$ cat start_26.cif   # mmCIF, C-alpha atoms and all ligand atoms
data_my_file
loop_
_atom_site.label_atom_id
_atom_site.label_comp_id
_atom_site.auth_asym_id
_atom_site.auth_seq_id
_atom_site.Cartn_x
_atom_site.Cartn_y
_atom_site.Cartn_z
CA MET A 1 73.91 -6.53 21.36
CA ARG A 2 75.38 -9.35 19.28
CA ILE A 3 77.08 -8.21 16.10
CA VAL A 4 77.98 -10.92 13.59
CA GLN A 5 80.73 -10.41 10.98
CA LYS A 6 80.67 -6.60 11.02
CA ILE A 7 83.65 -4.76 12.56
CA GLU A 8 82.44 -2.73 15.52
CA ASP A 9 84.54 -1.12 18.28
CA ILE A 10 84.00 -1.83 21.94
CA ASP A 11 84.44 0.80 24.66
CA TYR A 12 87.55 0.22 26.83
CA THR A 13 86.04 2.23 29.72
CA GLU A 14 83.18 -0.25 29.92
CA THR A 15 85.62 -3.19 29.76
CA LYS A 16 87.71 -1.69 32.54
CA GLN A 17 84.63 -1.17 34.71
CA PHE A 18 83.62 -4.77 34.04
CA PHE A 19 87.00 -6.05 35.30
CA GLU A 20 87.06 -3.74 38.33
CA HIS A 21 83.63 -5.18 39.15
CA ARG A 22 84.94 -8.74 38.63
CA ALA A 23 87.76 -7.94 41.10
CA SER A 24 85.17 -7.18 43.77
CA LYS A 25 83.93 -10.78 43.37
CA PHE A 26 87.38 -12.28 44.04
CA LYS A 27 87.30 -15.28 46.36
CA GLU A 28 90.37 -16.99 47.80
CA ASP A 29 88.76 -20.43 47.45
CA ASN A 30 88.06 -20.03 43.70
CA PRO A 31 90.57 -17.33 42.73
CA TYR A 32 90.69 -17.86 38.96
CA ALA A 33 86.93 -17.42 38.39
CA VAL A 34 87.58 -13.69 38.59
CA THR A 35 89.07 -13.76 35.05
CA MET A 36 87.93 -17.20 33.82
CA TYR A 37 84.25 -16.56 34.62
CA GLN A 38 82.02 -19.67 34.90
CA ASP A 39 80.81 -18.33 38.25
CA ASP A 40 78.27 -21.13 38.51
CA HIS A 41 80.80 -23.89 37.69
CA PRO A 42 83.85 -23.67 40.01
CA GLU A 43 84.91 -27.21 39.05
CA LEU A 44 85.11 -26.13 35.38
CA VAL A 45 87.37 -23.20 36.33
CA THR A 46 89.76 -25.55 38.16
CA GLU A 47 89.77 -28.09 35.36
CA ARG A 48 90.21 -25.54 32.57
CA ASN A 49 93.06 -23.82 34.39
CA GLN A 50 94.79 -27.14 35.01
CA LYS A 51 94.33 -28.39 31.43
CA GLU A 52 95.47 -25.07 29.94
CA VAL A 53 98.64 -24.97 32.03
CA GLU A 54 99.36 -28.67 31.38
CA LYS A 55 99.05 -28.12 27.63
CA LEU A 56 100.74 -24.75 27.12
CA LYS A 57 103.41 -24.56 29.80
CA PRO A 58 105.68 -27.30 28.37
CA MET A 59 105.72 -25.35 25.09
CA LEU A 60 107.25 -22.38 26.91
CA ALA A 61 110.25 -24.43 28.11
CA VAL A 62 110.56 -22.31 31.24
CA ASP A 63 114.00 -22.30 32.91
CA GLN A 64 116.28 -20.06 34.97
CA ASN A 65 116.87 -17.79 31.96
CA THR A 66 113.19 -17.17 31.33
CA ARG A 67 112.22 -13.50 31.32
CA LEU A 68 108.44 -13.62 31.13
CA LEU A 69 106.09 -10.78 30.20
CA ASP A 70 102.42 -11.53 30.97
CA ILE A 71 100.23 -9.01 29.14
CA ALA A 72 96.84 -8.56 30.83
CA CYS A 73 97.93 -10.74 33.73
CA GLY A 74 94.76 -10.35 35.83
CA ILE A 75 95.43 -11.60 39.36
CA GLY A 76 98.53 -13.49 38.18
CA ARG A 77 96.98 -16.85 37.34
CA TRP A 78 99.94 -17.66 35.10
CA ALA A 79 102.41 -16.30 37.68
CA ASP A 80 101.06 -19.06 39.96
CA ALA A 81 101.70 -21.62 37.22
CA ILE A 82 105.38 -20.64 36.98
CA THR A 83 106.71 -22.52 39.99
CA GLU A 84 110.27 -22.73 38.66
CA ASP A 85 113.00 -20.22 39.52
CA ILE A 86 113.06 -17.88 36.55
CA ASP A 87 114.99 -14.71 35.86
CA GLU A 88 111.97 -12.39 35.96
CA TYR A 89 108.19 -12.29 35.65
CA CYS A 90 106.47 -9.02 34.74
CA GLY A 91 102.67 -8.82 34.63
CA ILE A 92 100.78 -5.80 33.29
CA ASP A 93 97.02 -5.23 33.49
CA PHE A 94 94.81 -2.13 33.21
CA SER A 95 92.64 -3.05 36.19
CA SER A 96 94.10 -1.43 39.32
CA GLU A 97 91.94 -3.71 41.49
CA LEU A 98 93.21 -6.90 39.81
CA ILE A 99 96.81 -5.67 40.07
CA LYS A 100 96.23 -4.97 43.77
CA ILE A 101 95.03 -8.56 44.27
CA ALA A 102 97.98 -9.86 42.18
CA ASN A 103 100.44 -7.98 44.41
CA GLU A 104 98.78 -9.29 47.57
CA ARG A 105 98.83 -12.90 46.33
CA ASN A 106 102.34 -13.02 44.86
CA LYS A 107 105.32 -12.17 46.99
CA ARG A 108 108.26 -13.54 45.01
CA GLU A 109 110.98 -10.91 44.80
CA ASN A 110 111.56 -11.14 41.04
CA PHE A 111 107.83 -11.13 40.21
CA PHE A 112 106.42 -7.68 39.39
CA PHE A 113 102.87 -6.51 38.64
CA TYR A 114 102.15 -3.11 37.11
CA GLU A 115 99.02 -1.25 36.16
CA GLY A 116 98.85 -0.29 32.48
CA ALA A 117 96.89 -0.69 29.27
CA ALA A 118 97.92 -3.32 26.74
CA THR A 119 98.19 -0.55 24.15
CA ASP A 120 100.69 1.21 26.43
CA ILE A 121 103.07 -1.62 27.33
CA ALA A 122 106.10 0.13 25.82
CA SER A 123 105.69 3.17 28.08
CA VAL A 124 104.91 1.04 31.17
CA LEU A 125 108.10 -0.99 30.61
CA THR A 126 110.19 2.15 30.00
CA LYS A 127 108.77 3.85 33.11
CA GLN A 128 109.61 0.78 35.21
CA LYS A 129 113.12 0.63 33.63
CA LYS A 130 112.47 -2.86 32.31
CA GLY A 131 114.39 -4.56 29.53
CA THR A 132 113.13 -7.02 26.96
CA TYR A 133 111.61 -10.50 27.43
CA ASN A 134 112.14 -13.92 25.87
CA THR A 135 108.73 -15.36 26.78
CA VAL A 136 105.48 -13.44 26.36
CA LEU A 137 101.96 -14.48 27.34
CA VAL A 138 98.97 -12.97 25.55
CA ILE A 139 96.18 -14.86 27.25
CA GLY A 140 92.58 -13.73 26.89
CA ILE A 141 93.33 -10.14 25.91
CA LEU A 142 93.00 -9.73 22.12
CA VAL A 143 89.21 -10.11 22.50
CA TYR A 144 89.23 -6.78 24.37
CA ILE A 145 91.28 -4.83 21.81
CA ASN A 146 89.68 -3.05 18.86
CA ASP A 147 90.92 -3.76 15.31
CA LYS A 148 92.21 -0.21 14.96
CA ASP A 149 94.56 -0.72 17.96
CA LEU A 150 95.74 -4.26 17.25
CA ASP A 151 98.67 -3.35 14.95
CA CYS A 152 99.98 -0.83 17.49
CA PHE A 153 99.61 -3.42 20.29
CA LEU A 154 101.46 -6.10 18.29
CA GLU A 155 104.20 -3.63 17.36
CA GLN A 156 104.81 -2.86 21.05
CA LEU A 157 104.66 -6.55 21.86
CA GLU A 158 107.35 -7.27 19.26
CA SER A 159 109.60 -4.48 20.53
CA SER A 160 109.31 -5.89 24.07
CA CYS A 161 110.81 -9.18 22.84
CA GLU A 162 114.46 -10.26 22.81
CA GLU A 163 115.95 -11.34 19.50
CA HIS A 164 115.07 -14.96 20.34
CA ALA A 165 111.65 -15.20 21.94
CA LYS A 166 108.49 -17.26 22.30
CA ILE A 167 105.01 -15.78 22.34
CA CYS A 168 102.00 -17.75 23.53
CA ILE A 169 98.66 -16.38 22.37
CA ARG A 170 95.55 -18.05 23.82
CA GLU A 171 92.24 -16.56 22.83
CA PRO A 172 88.62 -17.52 22.34
CA ILE A 173 87.90 -17.32 18.60
CA GLY A 174 84.71 -17.27 16.53
CA GLN A 175 84.15 -20.78 15.16
CA GLN A 176 82.34 -19.71 11.98
CA ASP A 177 82.08 -15.96 12.06
CA ARG A 178 83.48 -12.97 13.84
CA LEU A 179 81.20 -12.13 16.76
CA THR A 180 81.17 -8.91 18.80
CA LEU A 181 79.34 -8.67 22.10
CA LYS A 182 78.60 -5.08 23.02
CA GLU A 183 76.61 -4.00 26.08
CA PHE A 184 75.56 -7.63 26.10
CA TYR A 185 73.85 -8.64 29.33
CA SER A 186 75.20 -11.98 30.47
CA ASP A 187 73.06 -13.90 32.96
CA GLU A 188 76.06 -16.03 33.82
CA LEU A 189 78.23 -13.01 34.70
CA ASN A 190 75.35 -10.91 35.99
CA ASP A 191 76.86 -7.95 34.14
CA GLU A 192 77.18 -6.32 30.74
CA TYR A 193 79.94 -7.82 28.66
CA HIS A 194 82.01 -6.49 25.74
CA ALA A 195 84.31 -8.65 23.61
CA ILE A 196 85.39 -9.31 20.02
CA TYR A 197 85.72 -12.95 18.95
CA ARG A 198 87.72 -12.94 15.72
CA THR A 199 88.05 -15.97 13.50
CA ARG A 200 91.39 -17.79 13.31
CA ASP A 201 91.93 -16.33 9.81
CA GLU A 202 91.27 -12.78 10.98
CA LEU A 203 93.83 -13.21 13.77
CA MET A 204 96.31 -14.67 11.27
CA LYS A 205 96.01 -11.53 9.11
CA PHE A 206 97.07 -9.40 12.08
CA LEU A 207 99.92 -11.78 12.96
CA ASN A 208 101.16 -11.89 9.35
CA ASN A 209 101.25 -8.10 9.25
CA SER A 210 103.23 -7.74 12.44
CA LEU A 211 105.06 -10.52 14.28
CA ILE A 212 105.60 -12.73 11.23
CA LYS A 213 107.02 -9.81 9.25
CA LYS A 214 109.42 -9.26 12.15
CA GLY A 215 110.86 -12.78 11.98
CA PHE A 216 108.47 -14.86 14.11
CA HIS A 217 106.97 -18.08 12.79
CA ILE A 218 104.08 -20.18 14.07
CA GLU A 219 105.67 -23.11 15.84
CA LYS A 220 102.34 -24.66 16.89
CA GLU A 221 98.68 -23.82 16.88
CA GLY A 222 95.41 -25.55 17.63
CA PHE A 223 92.41 -25.92 19.86
CA LEU A 224 93.20 -25.68 23.54
CA PHE A 225 90.83 -28.34 24.80
CA GLU A 226 90.22 -31.64 23.09
CA ASP A 227 87.42 -32.44 25.50
CA ASP A 228 84.12 -30.94 24.28
CA ALA A 229 82.84 -30.63 27.83
CA LEU A 230 85.48 -27.95 28.47
CA ASN A 231 84.40 -25.98 25.38
CA ASN A 232 80.97 -25.15 26.70
CA ARG A 233 80.13 -22.36 24.26
CA LYS A 234 78.51 -22.88 20.86
CA GLU A 235 79.94 -20.06 18.76
CA THR A 236 83.39 -19.59 20.25
CA VAL A 237 86.25 -21.92 21.11
CA GLN A 238 89.60 -21.54 22.88
CA TYR A 239 92.53 -21.52 20.45
CA PHE A 240 96.29 -21.07 20.84
CA PHE A 241 99.33 -20.05 18.80
CA ILE A 242 102.96 -20.50 19.84
CA LEU A 243 105.19 -18.11 17.87
CA GLU A 244 108.96 -18.28 17.93
CA ARG A 245 111.95 -16.45 16.46
C1 LIG A 301 90.03 -12.90 30.50
S1 LIG A 301 91.07 -12.01 31.58
C2 LIG A 301 92.59 -12.91 31.43
C3 LIG A 301 93.55 -12.64 32.57
C4 LIG A 301 94.82 -13.47 32.56
N1 LIG A 301 95.57 -13.31 31.34
C5 LIG A 301 94.48 -14.92 32.79
O1 LIG A 301 94.61 -15.68 31.84
O2 LIG A 301 94.10 -15.28 33.89
C6 LIG A 301 91.38 -10.54 30.67
C7 LIG A 301 92.30 -9.56 31.38
O3 LIG A 301 92.59 -8.52 30.47
C8 LIG A 301 92.62 -7.29 31.18
N2 LIG A 301 92.40 -6.27 30.15
C9 LIG A 301 91.34 -6.12 29.32
N3 LIG A 301 91.54 -5.10 28.47
C10 LIG A 301 92.78 -4.61 28.75
C11 LIG A 301 93.57 -3.57 28.20
N4 LIG A 301 93.14 -2.81 27.20
N5 LIG A 301 94.79 -3.36 28.73
C12 LIG A 301 95.27 -4.12 29.77
N6 LIG A 301 94.56 -5.11 30.33
C13 LIG A 301 93.34 -5.36 29.83
C14 LIG A 301 91.53 -7.42 32.21
O4 LIG A 301 91.68 -6.52 33.27
C15 LIG A 301 91.69 -8.89 32.62
O5 LIG A 301 92.58 -9.04 33.68
#
$ encode --input "start_26.cif" --output "structure tokens" --more "lines below"
Ligand SMILES: C[S@@+](CC[C@H](N)C(=O)[O-])C[C@H]1O[C@@H](n2cnc3c(N)ncnc32)[C@H](O)[C@@H]1O
Amino acid sequence: MRIVQKIEDIDYTETKQFFEHRASKFKEDNPYAVTMYQDDHPELVTERNQKEVEKLKPMLAVDQNTRLLDIACGIGRWADAITEDIDEYCGIDFSSELIKIANERNKRENFFFYEGAATDIASVLTKQKKGTYNTVLVIGILVYINDKDLDCFLEQLESSCEEHAKICIREPIGQQDRLTLKEFYSDELNDEYHAIYRTRDELMKFLNNSLIKKGFHIEKEGFLFEDDALNNRKETVQYFFILER
């Protein structure tokens, strides 16, 4: 089903099953396809990953004091991108199978991967006796969170941040309209897919109500890829926000 404009919830159980199924397709020689899709275009996966990291990583100004929280970390694609010595990396994802792969792939002693839902990050961090973070990645996750849970998610995200922090949000957005895919059979993924593509203005409303009220400002925002060949979908496009306080 394709639902245009109307607000419609997706089912998290279906999303979780989808990602557990993706995990079973993990391949060492094309590791990032598991969460970047494009199963039929491995070269696009490599190029998109490289371009994304090249564009966004300098904005994070990673150094030895960086305490990085990666919400919905998947197999730790961004953990791989952080080659510098940092203070700590903590990745959280609700797919036990993806977290298992992340733990097998990443052996650095101050890099941690935990299973947990994005709407439960506060309790995951408390349970693991974690502190707060000065750099937070929200990459490809808001599309899987229903409107009714977004404020609660952003509240927990804000309380996981140090007084001075940077947040990088990178999401596919609806170019013209909000679009929800629900039980949508994708030939490319060979599976049913569920996601909510909000417009930039819809996302801004949520950010204004939460992070911006709590002292963050938008330092930068824009389209992730300038090259049209990397934006190979008609209705959605990859967009980013860098928030700071
Ligand atoms: C498109 S992938 C992005 C993964 C990673 N951030 C990256 O950029 O490679 C989306 C990730 O979100 C996770 N996810 C989806 N819904 C979630 C939720 N409610 N709580 C935690 N993780 C979730 C999936 O398991 C998957 O790893």
$ axis_aligned_box --input "start_26.cif" --around "ligand LIG 301 (chain A)" --padding-each-side "6 Å" --output "JSON"
{"center_x": 92.8, "center_y": -9.2, "center_z": 30.5, "size_x": 17.5, "size_y": 24.9, "size_z": 18.7}
$ residues_around --input "start_26.cif" --residues "segment 151-155 of chain A" --least-positions-apart "6" --cutoff "8 Å" --atoms "all atoms listed in the file" --output "number ranges by chain"
A: 118-120, 206-207, 209-211
$ residues_around --input "start_26.cif" --residues "Ala79 of chain A" --least-positions-apart "2" --cutoff "8 Å" --atoms "only C-alpha atoms" --output "number ranges by chain"
A: 76-77, 81-83, 89, 106, 111
$ residues_near_ligand --input "start_26.cif" --ligand "ligand LIG 301 (chain A)" --cutoff "6 Å" --atoms "all atoms listed in the file" --output "number ranges by chain"
A: 19, 35-36, 72-74, 77, 93-95, 116-118, 139-141, 144
$ residues_near_point --input "start_26.cif" --point "(86.0, -0.3, 31.2)" --cutoff "12 Å" --atoms "all atoms listed in the file" --output "PyMOL selection string"
chain A and resi 10-22+94-96+117+144-145+183+192-195
$ write_last_selection --input "start_26.cif" --atoms "C-alpha atoms" --output "CSV table (one decimal), keeping the file's coordinate frame"
chain,number,residue,atom,x,y,z
A,10,ILE,CA,84.0,-1.8,21.9
A,11,ASP,CA,84.4,0.8,24.7
A,12,TYR,CA,87.6,0.2,26.8
A,13,THR,CA,86.0,2.2,29.7
A,14,GLU,CA,83.2,-0.2,29.9
A,15,THR,CA,85.6,-3.2,29.8
A,16,LYS,CA,87.7,-1.7,32.5
A,17,GLN,CA,84.6,-1.2,34.7
A,18,PHE,CA,83.6,-4.8,34.0
A,19,PHE,CA,87.0,-6.0,35.3
A,20,GLU,CA,87.1,-3.7,38.3
A,21,HIS,CA,83.6,-5.2,39.2
A,22,ARG,CA,84.9,-8.7,38.6
A,94,PHE,CA,94.8,-2.1,33.2
A,95,SER,CA,92.6,-3.0,36.2
A,96,SER,CA,94.1,-1.4,39.3
A,117,ALA,CA,96.9,-0.7,29.3
A,144,TYR,CA,89.2,-6.8,24.4
A,145,ILE,CA,91.3,-4.8,21.8
A,183,GLU,CA,76.6,-4.0,26.1
A,192,GLU,CA,77.2,-6.3,30.7
A,193,TYR,CA,79.9,-7.8,28.7
A,194,HIS,CA,82.0,-6.5,25.7
A,195,ALA,CA,84.3,-8.6,23.6
$ atom_distance --input "start_26.cif" --atom1 "atom CA of Ala122 of chain A" --atom2 "atom CA of Leu157 of chain A"
7.9 Å
